[in-house]
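Here is the file upload-v4.cif (mmCIF, C-alpha atoms).
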```
data_start
loop_
_atom_site.label_atom_id
_atom_site.label_comp_id
_atom_site.auth_asym_id
_atom_site.auth_seq_id
_atom_site.Cartn_x
_atom_site.Cartn_y
_atom_site.Cartn_z
CA MET Z 94 0.00 0.00 0.00
CA ILE Z 95 1.04 3.59 -0.61
CA GLU Z 96 0.73 5.09 2.85
CA ASP Z 97 3.15 7.98 2.87
CA LYS Z 98 1.48 10.87 1.06
CA ALA Z 99 4.66 12.96 1.11
CA THR Z 100 6.46 10.24 -0.86
CA LEU Z 101 3.54 9.98 -3.27
CA TRP Z 102 3.54 13.71 -4.02
CA THR Z 103 7.30 13.79 -4.35
CA VAL Z 104 7.04 10.98 -6.93
CA ILE Z 105 4.20 12.73 -8.80
CA ILE Z 106 6.07 16.04 -8.99
CA GLY Z 107 9.52 14.53 -9.51
CA LEU Z 108 8.38 12.13 -12.22
CA GLY Z 109 6.35 14.90 -13.86
CA LEU Z 110 9.30 17.28 -13.87
CA GLY Z 111 11.76 14.62 -15.08
CA THR Z 112 9.42 13.51 -17.84
CA PHE Z 113 8.77 17.09 -18.94
CA LEU Z 114 12.50 17.78 -19.15
CA LEU Z 115 12.97 14.68 -21.33
CA ARG Z 116 10.13 15.82 -23.60
CA TYR Z 117 11.38 19.42 -23.67
CA SER Z 118 15.05 18.48 -24.10
CA PHE Z 119 15.48 18.80 -27.85
CA LEU Z 120 12.29 20.64 -28.74
CA GLY Z 121 12.96 23.42 -26.24
CA LEU Z 122 16.59 23.40 -25.20
CA ILE Z 123 19.02 21.63 -27.47
CA GLY Z 124 17.26 22.43 -30.74
CA GLY Z 125 18.05 20.89 -34.10
CA ARG Z 126 21.34 19.21 -33.24
CA ALA Z 127 21.08 15.46 -33.86
CA LEU Z 128 21.60 12.90 -31.13
CA PRO Z 129 24.67 10.74 -31.65
CA ALA Z 130 23.85 7.34 -33.14
CA TRP Z 131 24.93 5.42 -30.04
CA ALA Z 132 22.58 7.43 -27.83
CA LEU Z 133 19.63 6.86 -30.16
CA ARG Z 134 20.48 3.19 -30.19
CA LEU Z 135 20.43 2.95 -26.38
CA LEU Z 136 17.26 5.05 -26.01
CA ARG Z 137 15.41 2.80 -28.44
CA TYR Z 138 15.67 -0.07 -25.98
CA THR Z 139 14.72 1.69 -22.74
CA PRO Z 140 11.11 0.43 -22.48
CA MET Z 141 12.20 -3.09 -23.41
CA ALA Z 142 15.05 -2.92 -20.90
CA VAL Z 143 13.03 -1.71 -17.90
CA ILE Z 144 9.53 -3.18 -18.21
CA PRO Z 145 10.22 -6.95 -18.58
CA GLY Z 146 12.62 -6.83 -15.62
CA LEU Z 147 10.09 -4.90 -13.56
CA VAL Z 148 7.36 -7.46 -14.26
CA ALA Z 149 9.35 -10.70 -14.07
CA PRO Z 150 9.56 -11.04 -10.24
CA ALA Z 151 5.85 -10.19 -9.89
CA VAL Z 152 5.05 -12.95 -12.41
CA MET Z 153 7.31 -15.59 -10.85
CA TRP Z 154 6.74 -14.81 -7.18
CA PRO Z 155 3.52 -12.79 -6.77
CA ALA Z 156 3.14 -10.93 -3.48
CA ALA Z 157 -0.58 -11.82 -3.42
CA THR Z 158 0.24 -15.55 -3.01
CA GLY Z 159 2.97 -14.89 -0.46
CA GLY Z 160 5.72 -15.31 -3.06
CA GLU Z 161 4.66 -18.78 -4.15
CA THR Z 162 4.58 -19.36 -7.93
CA ASP Z 163 0.95 -19.42 -9.02
CA PRO Z 164 -0.01 -21.43 -12.15
CA ALA Z 165 -2.91 -19.09 -12.98
CA ARG Z 166 -0.76 -15.96 -12.87
CA LEU Z 167 2.16 -17.61 -14.71
CA GLY Z 168 -0.21 -19.00 -17.37
CA ALA Z 169 -1.85 -15.59 -17.76
CA ALA Z 170 1.55 -13.94 -18.28
CA ILE Z 171 2.50 -16.49 -20.95
CA ALA Z 172 -0.86 -16.07 -22.71
CA THR Z 173 -0.46 -12.27 -22.69
CA ILE Z 174 3.01 -12.46 -24.25
CA LEU Z 175 1.95 -15.01 -26.88
CA ALA Z 176 -1.14 -13.04 -27.90
CA GLY Z 177 0.86 -9.79 -27.96
CA VAL Z 178 3.60 -11.24 -30.14
CA LEU Z 179 1.28 -13.10 -32.52
CA LEU Z 180 -1.53 -10.53 -32.85
CA ARG Z 181 0.55 -7.34 -32.32
CA ASN Z 182 -2.40 -5.89 -30.45
CA VAL Z 183 -2.29 -4.54 -26.89
CA LEU Z 184 -5.98 -5.02 -26.16
CA ALA Z 185 -6.09 -8.57 -27.51
CA ALA Z 186 -3.10 -9.40 -25.33
CA ILE Z 187 -4.78 -7.97 -22.19
CA LEU Z 188 -7.93 -9.91 -23.00
CA ALA Z 189 -6.02 -13.18 -23.49
CA GLY Z 190 -4.18 -12.67 -20.20
CA GLY Z 191 -7.37 -11.86 -18.31
CA LEU Z 192 -9.22 -14.87 -19.73
CA VAL Z 193 -6.42 -17.26 -18.78
CA LEU Z 194 -6.03 -15.66 -15.33
CA TYR Z 195 -9.70 -16.08 -14.44
CA GLY Z 196 -10.13 -19.34 -16.41
CA LEU Z 197 -7.20 -21.09 -14.72
CA GLY Z 198 -8.03 -19.53 -11.37
CA TRP Z 199 -11.55 -20.88 -11.57
CA TRP Z 200 -10.44 -24.30 -12.90
CA ILE Z 201 -7.74 -24.87 -10.30
CA GLY Z 202 -9.92 -23.29 -7.64
CA MET Q 144 -12.16 24.22 -45.16
CA SER Q 145 -9.01 26.20 -44.39
CA ALA Q 146 -5.66 24.47 -44.53
CA HIS Q 147 -5.36 24.76 -40.77
CA ARG Q 148 -8.72 23.30 -40.01
CA GLN Q 149 -7.87 20.44 -42.39
CA ALA Q 150 -4.55 19.90 -40.62
CA PHE Q 151 -6.30 19.84 -37.23
CA PHE Q 152 -8.83 17.25 -38.36
CA ARG Q 153 -6.13 15.15 -40.02
CA GLY Q 154 -4.45 15.09 -36.62
CA VAL Q 155 -7.64 14.10 -34.80
CA LEU Q 156 -8.31 11.36 -37.34
CA ALA Q 157 -4.76 10.03 -37.08
CA SER Q 158 -5.00 9.52 -33.33
CA VAL Q 159 -8.63 8.39 -32.99
CA PRO Q 160 -7.61 4.70 -33.26
CA PHE Q 161 -5.53 5.13 -30.09
CA VAL Q 162 -8.70 5.89 -28.12
CA ILE Q 163 -9.59 2.20 -27.85
CA VAL Q 164 -6.31 1.63 -26.02
CA ILE Q 165 -6.22 4.84 -23.96
CA VAL Q 166 -9.62 4.38 -22.32
CA PRO Q 167 -9.24 0.85 -20.90
CA PHE Q 168 -5.63 1.59 -20.01
CA GLY Q 169 -6.53 4.77 -18.16
CA VAL Q 170 -9.38 3.05 -16.34
CA LEU Q 171 -7.01 0.24 -15.37
CA PHE Q 172 -4.51 2.76 -14.03
CA GLY Q 173 -7.21 4.40 -11.94
CA VAL Q 174 -8.37 1.05 -10.57
CA VAL Q 175 -4.85 -0.17 -9.75
CA ALA Q 176 -3.75 3.13 -8.19
CA THR Q 177 -6.87 3.25 -6.00
CA ASP Q 178 -6.26 -0.36 -5.02
CA ALA Q 179 -2.75 0.70 -3.93
CA GLY Q 180 -4.21 3.38 -1.66
CA MET Q 181 -4.43 6.53 -3.79
CA THR Q 182 -7.53 8.76 -3.78
CA PRO Q 183 -9.28 9.67 -7.07
CA TRP Q 184 -7.91 13.23 -6.85
CA GLU Q 185 -4.37 11.95 -6.42
CA VAL Q 186 -4.89 9.68 -9.43
CA LEU Q 187 -6.13 12.62 -11.51
CA ALA Q 188 -3.21 14.79 -10.40
CA PHE Q 189 -0.79 11.99 -11.28
CA SER Q 190 -2.24 11.67 -14.79
CA LEU Q 191 -2.34 15.47 -15.29
CA VAL Q 192 1.23 16.05 -14.16
CA VAL Q 193 2.89 13.05 -15.81
CA ILE Q 194 0.69 11.78 -18.75
CA ALA Q 195 2.79 8.67 -19.32
CA GLY Q 196 0.97 5.40 -18.71
CA ALA Q 197 3.85 2.94 -18.44
CA ALA Q 198 5.89 5.17 -16.10
CA GLN Q 199 2.83 5.83 -13.91
CA PHE Q 200 2.15 2.08 -13.60
CA ALA Q 201 5.82 1.46 -12.79
CA ALA Q 202 5.86 4.16 -10.11
CA VAL Q 203 2.67 2.83 -8.47
CA GLN Q 204 3.94 -0.75 -8.48
CA LEU Q 205 7.29 0.22 -6.93
CA MET Q 206 5.69 2.48 -4.29
CA ASN Q 207 3.27 -0.33 -3.49
CA GLU Q 208 6.23 -2.67 -2.94
CA GLY Q 209 7.72 -0.11 -0.59
CA ALA Q 210 10.74 0.74 -2.77
CA PRO Q 211 12.66 3.86 -1.64
CA LEU Q 212 11.82 7.22 -3.22
CA LEU Q 213 15.00 7.50 -5.27
CA ILE Q 214 14.54 4.04 -6.82
CA VAL Q 215 10.92 4.82 -7.70
CA LEU Q 216 11.97 8.04 -9.43
CA VAL Q 217 15.01 6.66 -11.26
CA THR Q 218 13.15 3.58 -12.54
CA SER Q 219 10.01 5.36 -13.67
CA ILE Q 220 11.99 8.17 -15.32
CA ALA Q 221 14.07 5.49 -17.07
CA VAL Q 222 10.83 4.11 -18.57
CA ASN Q 223 10.35 7.58 -20.10
CA LEU Q 224 13.86 8.04 -21.53
CA ARG Q 225 12.40 7.32 -24.96
CA MET Q 226 10.67 10.73 -24.77
CA ALA Q 227 14.04 12.39 -25.37
CA MET Q 228 14.29 10.42 -28.60
CA TYR Q 229 10.79 11.57 -29.62
CA SER Q 230 11.74 15.15 -28.79
CA ALA Q 231 14.84 14.91 -30.98
CA ALA Q 232 12.90 13.34 -33.85
CA LEU Q 233 10.21 16.07 -33.93
CA THR Q 234 12.56 19.04 -33.54
CA PRO Q 235 13.34 19.39 -37.28
CA HIS Q 236 9.58 19.83 -37.89
CA LEU Q 237 8.36 21.71 -34.81
CA GLY Q 238 11.53 23.37 -33.51
CA GLY Q 239 10.77 26.65 -35.30
CA ALA Q 240 7.59 27.31 -33.29
CA PRO Q 241 7.53 30.05 -30.59
CA GLY Q 242 8.90 29.06 -27.19
CA TRP Q 243 5.57 28.86 -25.37
CA GLN Q 244 4.16 26.58 -28.08
CA ARG Q 245 7.19 24.31 -27.86
CA ALA Q 246 6.73 24.06 -24.10
CA ILE Q 247 3.07 23.09 -24.49
CA MET Q 248 3.87 20.62 -27.26
CA ALA Q 249 6.58 19.09 -25.06
CA TYR Q 250 4.09 18.58 -22.22
CA PHE Q 251 1.77 16.70 -24.62
CA LEU Q 252 4.53 14.58 -26.20
CA VAL Q 253 3.28 11.02 -25.62
CA ASP Q 254 3.65 7.77 -27.57
CA GLN Q 255 0.45 8.45 -29.51
CA SER Q 256 1.08 12.07 -30.49
CA PHE Q 257 4.62 11.13 -31.51
CA ALA Q 258 3.46 8.17 -33.61
CA ALA Q 259 0.78 10.25 -35.37
CA ALA Q 260 3.02 13.29 -35.96
CA SER Q 261 6.09 11.43 -37.16
CA ALA Q 262 3.99 9.43 -39.66
CA GLU Q 263 2.33 12.64 -40.91
CA PHE Q 264 5.55 14.65 -41.23
CA ALA Q 265 7.19 11.79 -43.13
CA LYS Q 266 4.23 11.69 -45.52
CA ARG Q 267 3.79 15.47 -45.94
CA PRO Q 268 7.12 17.12 -45.12
CA ASP Q 269 6.36 20.33 -47.07
CA GLN Q 270 3.54 21.68 -44.91
CA SER Q 271 4.03 25.06 -43.27
CA LEU Q 272 5.26 25.15 -39.70
CA SER Q 273 1.88 26.34 -38.43
CA GLU Q 274 0.08 23.49 -40.21
CA LYS Q 275 2.43 21.01 -38.59
CA VAL Q 276 1.81 22.55 -35.16
CA THR Q 277 -1.95 22.48 -35.80
CA PHE Q 278 -1.79 18.83 -36.85
CA TYR Q 279 0.12 18.04 -33.68
CA PHE Q 280 -2.53 19.60 -31.45
CA GLY Q 281 -5.20 17.79 -33.46
CA ALA Q 282 -3.45 14.51 -32.68
CA VAL Q 283 -3.26 15.40 -28.98
CA ALA Q 284 -6.95 16.36 -28.70
CA PRO Q 285 -8.58 12.90 -28.56
CA VAL Q 286 -5.82 11.26 -26.54
CA CYS Q 287 -4.65 13.34 -23.57
CA PRO Q 288 -8.02 14.58 -22.18
CA LEU Q 289 -9.29 10.99 -22.36
CA TRP Q 290 -6.28 9.78 -20.43
CA TYR Q 291 -7.14 12.16 -17.56
CA ALA Q 292 -10.84 11.30 -17.67
CA ALA Q 293 -10.35 7.54 -17.93
CA SER Q 294 -7.89 7.35 -15.05
CA TYR Q 295 -10.16 9.48 -12.84
CA GLY Q 296 -13.15 7.33 -13.83
CA GLY Q 297 -11.20 4.15 -13.06
CA ALA Q 298 -10.26 5.54 -9.64
CA VAL Q 299 -13.87 6.33 -8.74
CA PHE Q 300 -15.15 3.03 -10.10
CA GLY Q 301 -12.19 1.00 -8.75
CA LYS Q 302 -13.33 1.43 -5.15
CA ALA Q 303 -16.30 -0.79 -5.94
CA ILE Q 304 -14.21 -3.79 -7.09
CA PRO Q 305 -13.79 -6.47 -4.38
CA PRO Q 306 -10.24 -7.73 -3.69
CA GLU Q 307 -10.87 -11.34 -4.83
CA TYR Q 308 -10.59 -10.30 -8.47
CA ALA Q 309 -6.78 -10.77 -8.51
CA LEU Q 310 -6.32 -7.12 -9.49
CA ASP Q 311 -2.74 -7.28 -8.27
CA PHE Q 312 -2.05 -9.00 -11.57
CA ALA Q 313 -3.61 -6.33 -13.78
CA VAL Q 314 -0.35 -4.37 -13.82
CA PRO Q 315 1.91 -7.22 -14.98
CA ILE Q 316 -0.63 -8.14 -17.66
CA ALA Q 317 -0.91 -4.55 -18.84
CA PHE Q 318 2.87 -4.21 -18.97
CA LEU Q 319 3.36 -7.48 -20.85
CA ALA Q 320 0.61 -6.47 -23.27
CA ILE Q 321 2.36 -3.18 -24.14
CA THR Q 322 5.80 -4.70 -24.56
CA ALA Q 323 5.01 -8.01 -26.31
CA PRO Q 324 3.94 -6.36 -29.62
CA MET Q 325 7.28 -4.47 -29.57
CA LEU Q 326 9.25 -7.74 -29.79
CA ARG Q 327 9.78 -7.19 -33.49
CA THR Q 328 13.53 -7.57 -33.90
CA ARG Q 329 16.24 -9.86 -32.56
CA ALA Q 330 17.61 -6.86 -30.66
CA HIS Q 331 14.31 -6.27 -28.85
CA VAL Q 332 14.01 -9.96 -27.96
CA ALA Q 333 17.59 -10.02 -26.67
CA ALA Q 334 16.98 -6.91 -24.55
CA ALA Q 335 13.83 -8.45 -23.05
CA VAL Q 336 15.55 -11.76 -22.27
CA VAL Q 337 18.49 -10.03 -20.56
CA SER Q 338 16.15 -7.72 -18.63
CA VAL Q 339 14.10 -10.65 -17.29
CA SER Q 340 16.98 -12.97 -16.46
CA VAL Q 341 19.19 -10.36 -14.78
CA ALA Q 342 16.22 -8.96 -12.81
CA LEU Q 343 15.31 -12.46 -11.58
CA ALA Q 344 18.93 -13.32 -10.75
CA LEU Q 345 19.42 -10.06 -8.81
CA VAL Q 346 16.08 -10.02 -7.02
CA TRP Q 347 17.97 -10.44 -3.71
CA MET Q 348 19.56 -7.00 -4.10
CA PRO Q 349 18.03 -4.42 -1.75
CA TYR Q 350 15.58 -1.68 -2.77
CA SER Q 351 14.92 -3.05 -6.28
CA THR Q 352 18.41 -1.96 -7.32
CA GLY Q 353 18.79 -5.24 -9.23
CA LEU Q 354 16.24 -3.86 -11.70
CA LEU Q 355 18.49 -0.89 -12.51
CA VAL Q 356 21.41 -3.24 -13.21
CA ALA Q 357 19.12 -5.41 -15.36
CA ALA Q 358 17.87 -2.38 -17.31
CA ALA Q 359 21.38 -1.10 -18.01
CA ALA Q 360 22.52 -4.56 -19.15
CA ALA Q 361 19.44 -4.96 -21.35
CA MET Q 362 19.86 -1.54 -22.99
CA ALA Q 363 23.47 -2.33 -23.81
CA THR Q 364 22.46 -5.76 -25.15
CA GLY Q 365 19.72 -4.33 -27.38
CA ALA Q 366 22.07 -1.70 -28.80
CA ALA Q 367 24.89 -4.24 -29.33
CA VAL Q 368 22.63 -6.74 -31.12
CA GLU Q 369 21.19 -3.97 -33.31
CA LEU Q 370 24.67 -2.79 -34.25
CA HIS Q 371 25.79 -6.33 -35.01
CA ASP Q 372 22.73 -7.06 -37.18
CA GLU Q 373 23.11 -3.76 -39.04
CA ARG Q 374 26.74 -4.47 -39.86
CA ARG Q 375 25.88 -7.95 -41.03
CA ALA Q 376 23.10 -6.63 -43.25
CA ALA Q 377 25.46 -3.98 -44.66
CA ARG Q 378 28.07 -6.59 -45.53
CA ARG Q 379 25.50 -8.67 -47.38
CA THR Q 380 24.42 -5.86 -49.72
#
```

What does the file become when written as structure tokens?
Amino acid sequence: MIEDKATLWTVIIGLGLGTFLLRYSFLGLIGGRALPAWALRLLRYTPMAVIPGLVAPAVMWPAATGGETDPARLGAAIATILAGVLLRNVLAAILAGGLVLYGLGWWIG
Amino acid sequence: MSAHRQAFFRGVLASVPFVIVIVPFGVLFGVVATDAGMTPWEVLAFSLVVIAGAAQFAAVQLMNEGAPLLIVLVTSIAVNLRMAMYSAALTPHLGGAPGWQRAIMAYFLVDQSFAAASAEFAKRPDQSLSEKVTFYFGAVAPVCPLWYAASYGGAVFGKAIPPEYALDFAVPIAFLAITAPMLRTRAHVAAAVVSVSVALALVWMPYSTGLLVAAAAAMATGAAVELHDERRAARRT
């Protein structure tokens, strides 16, 4: 649970400010100079570098089951990835994950 | 219709398809954030100040796990590093606008407005600067207000959802659903594999710092694989 409101507001303002500076960087400050190729190359992979690693422990050892691997949650994660890769559609992937999560949860009990 | 009105409606039309993703995603954010202990007004403020879905989800998840402030900020800002790339890519087209317009455009620079604008400017590079700016705001119009409204709506509605619905898992599913369609190249797959395996191997490190190591390793891997594949392709031609 998020209990400390001071932390919450620091995150809201800090993340907002940081994100604005990233958005404003070239458009407002640096102007037309091109980013070096190596920087572009690294930036291209930031979402793919952060998000899977952020999710992986929550998939393998969910806090809701006390850290025990849960077949319904693991199956739902696999279904989401498969549907996302095959159909290239965010909503279809969410739907597939949700169906497997509730389907397996209900089946296993 | 004037050229500007046409440009505005072209922008609206280009980003209307994103609405079907923005609304459920915003609602989900509202639900998850409320579940983690935020009030609807805090959820609305979060969406107004940040407007970046993935980073907002990441911040809420990390705060919920009790990660320290600095880790929450560094990780969620890292999710948004791509915005600097968007900013650089749009500057040749929009950089000539007055300062206050550039500041407002920067605030509204999200995945959807970037995708719509970069496709448009590639297709019609010869438009006037003011037409390009007008198109940009047209592309923002259906997306950003809906993001605020949907997350607020989700927060109000989320209070009514009982805990047995396994909502804890909505965030991982949402995250996997955004990233899986991006697994287009070998480099993206390699980055994802390194990110997952290093994060799992370093899960014992305190304060989620293992995730930062995993992210740095995955970024370097993605870039290295891309470079390698590019050189190989160049040799073949």

Using only C-alpha atoms, select each residue of chain Z with any atom at most 6 Å away from an atom of chain Q, and give the selection as a ChimeraX atom specification. /Z:94-95,105,109,113,115-117,119-120,125,134-136,138,140-143,145-146,148-149,173-174,177-178,181,183,186-187

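In this structure, CA of Gln149 in chain Q sits 15.8 Å away from CA of Pro285 in chain Q.
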
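In this comparison, which uses all atoms listed in the file, the residue of Q:Ala150, Q:Pro288, Q:Phe172, Q:Ala376 approaching Gln270 in chain Q most closely is Q:Ala150.
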
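Pairwise distance (CA of Leu128 in chain Z, CA of Glu263 in chain Q) equals 21.6 Å.
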
Written as number ranges by chain, what is the full residue list that the PyMOL selection byres ((chain Z and resi 167) around 12) yields on the file shown? Z: 148-155, 161-166, 168-174, 190-191, 193-195, 197-198; Q: 312, 315-316, 319

Okay, now the selection with C-alpha atoms, as a short mmCIF file (atom, residue, chain, number, x, y, z; two decimals), keeping the file's coordinate frame?
```cif
data_model
loop_
_atom_site.label_atom_id
_atom_site.label_comp_id
_atom_site.auth_asym_id
_atom_site.auth_seq_id
_atom_site.Cartn_x
_atom_site.Cartn_y
_atom_site.Cartn_z
CA VAL Z 148 7.36 -7.46 -14.26
CA ALA Z 149 9.35 -10.70 -14.07
CA PRO Z 150 9.56 -11.04 -10.24
CA ALA Z 151 5.85 -10.19 -9.89
CA VAL Z 152 5.05 -12.95 -12.41
CA MET Z 153 7.31 -15.59 -10.85
CA TRP Z 154 6.74 -14.81 -7.18
CA PRO Z 155 3.52 -12.79 -6.77
CA GLU Z 161 4.66 -18.78 -4.15
CA THR Z 162 4.58 -19.36 -7.93
CA ASP Z 163 0.95 -19.42 -9.02
CA PRO Z 164 -0.01 -21.43 -12.15
CA ALA Z 165 -2.91 -19.09 -12.98
CA ARG Z 166 -0.76 -15.96 -12.87
CA GLY Z 168 -0.21 -19.00 -17.37
CA ALA Z 169 -1.85 -15.59 -17.76
CA ALA Z 170 1.55 -13.94 -18.28
CA ILE Z 171 2.50 -16.49 -20.95
CA ALA Z 172 -0.86 -16.07 -22.71
CA THR Z 173 -0.46 -12.27 -22.69
CA ILE Z 174 3.01 -12.46 -24.25
CA GLY Z 190 -4.18 -12.67 -20.20
CA GLY Z 191 -7.37 -11.86 -18.31
CA VAL Z 193 -6.42 -17.26 -18.78
CA LEU Z 194 -6.03 -15.66 -15.33
CA TYR Z 195 -9.70 -16.08 -14.44
CA LEU Z 197 -7.20 -21.09 -14.72
CA GLY Z 198 -8.03 -19.53 -11.37
CA PHE Q 312 -2.05 -9.00 -11.57
CA PRO Q 315 1.91 -7.22 -14.98
CA ILE Q 316 -0.63 -8.14 -17.66
CA LEU Q 319 3.36 -7.48 -20.85
#
```

One decimal, in Å: what's the spacing between CA of Val175 in chain Q and CA of Val155 in chain Q? 29.0 Å

Residue IDs satisfying the PyMOL selection byres ((chain Q and resi 162) around 12), as a compact mmCIF listing (two decimals) with C-alpha atoms, in the coordinates of the input:
```txt
# COMPACT_ATOMS: atom_id res chain seq x y z
CA LEU Z 184 -5.98 -5.02 -26.16
CA VAL Q 155 -7.64 14.10 -34.80
CA LEU Q 156 -8.31 11.36 -37.34
CA ALA Q 157 -4.76 10.03 -37.08
CA SER Q 158 -5.00 9.52 -33.33
CA VAL Q 159 -8.63 8.39 -32.99
CA PRO Q 160 -7.61 4.70 -33.26
CA PHE Q 161 -5.53 5.13 -30.09
CA ILE Q 163 -9.59 2.20 -27.85
CA VAL Q 164 -6.31 1.63 -26.02
CA ILE Q 165 -6.22 4.84 -23.96
CA VAL Q 166 -9.62 4.38 -22.32
CA PRO Q 167 -9.24 0.85 -20.90
CA PHE Q 168 -5.63 1.59 -20.01
CA GLY Q 169 -6.53 4.77 -18.16
CA GLN Q 255 0.45 8.45 -29.51
CA SER Q 256 1.08 12.07 -30.49
CA ALA Q 282 -3.45 14.51 -32.68
CA VAL Q 283 -3.26 15.40 -28.98
CA ALA Q 284 -6.95 16.36 -28.70
CA PRO Q 285 -8.58 12.90 -28.56
CA VAL Q 286 -5.82 11.26 -26.54
CA CYS Q 287 -4.65 13.34 -23.57
CA PRO Q 288 -8.02 14.58 -22.18
CA LEU Q 289 -9.29 10.99 -22.36
CA TRP Q 290 -6.28 9.78 -20.43
CA ALA Q 292 -10.84 11.30 -17.67
CA ALA Q 293 -10.35 7.54 -17.93
```

Hey, can I get the axis-aligned box for range 162-180 of chain Z? All listed atoms, 6 Å padding on each side, centre and edge lengths in Å to one decimal, as lines of an AutoDock Vina configuration file.
```
center_x = 0.8
center_y = -15.6
center_z = -20.4
size_x = 19.5
size_y = 23.6
size_z = 36.9
```

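Proximity to Ser145 in chain Q was assessed for Q:Arg375, Q:Met348, Q:Phe200, Q:Thr277 counting all atoms listed in the file; the smallest distance is recorded for Q:Thr277.
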
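You can rank Z:Ile123, Z:Leu147, Z:Trp102, Z:Thr139 by their closest distance to Trp184 in chain Q using only C-alpha atoms, and at the top of that list sits Z:Trp102.
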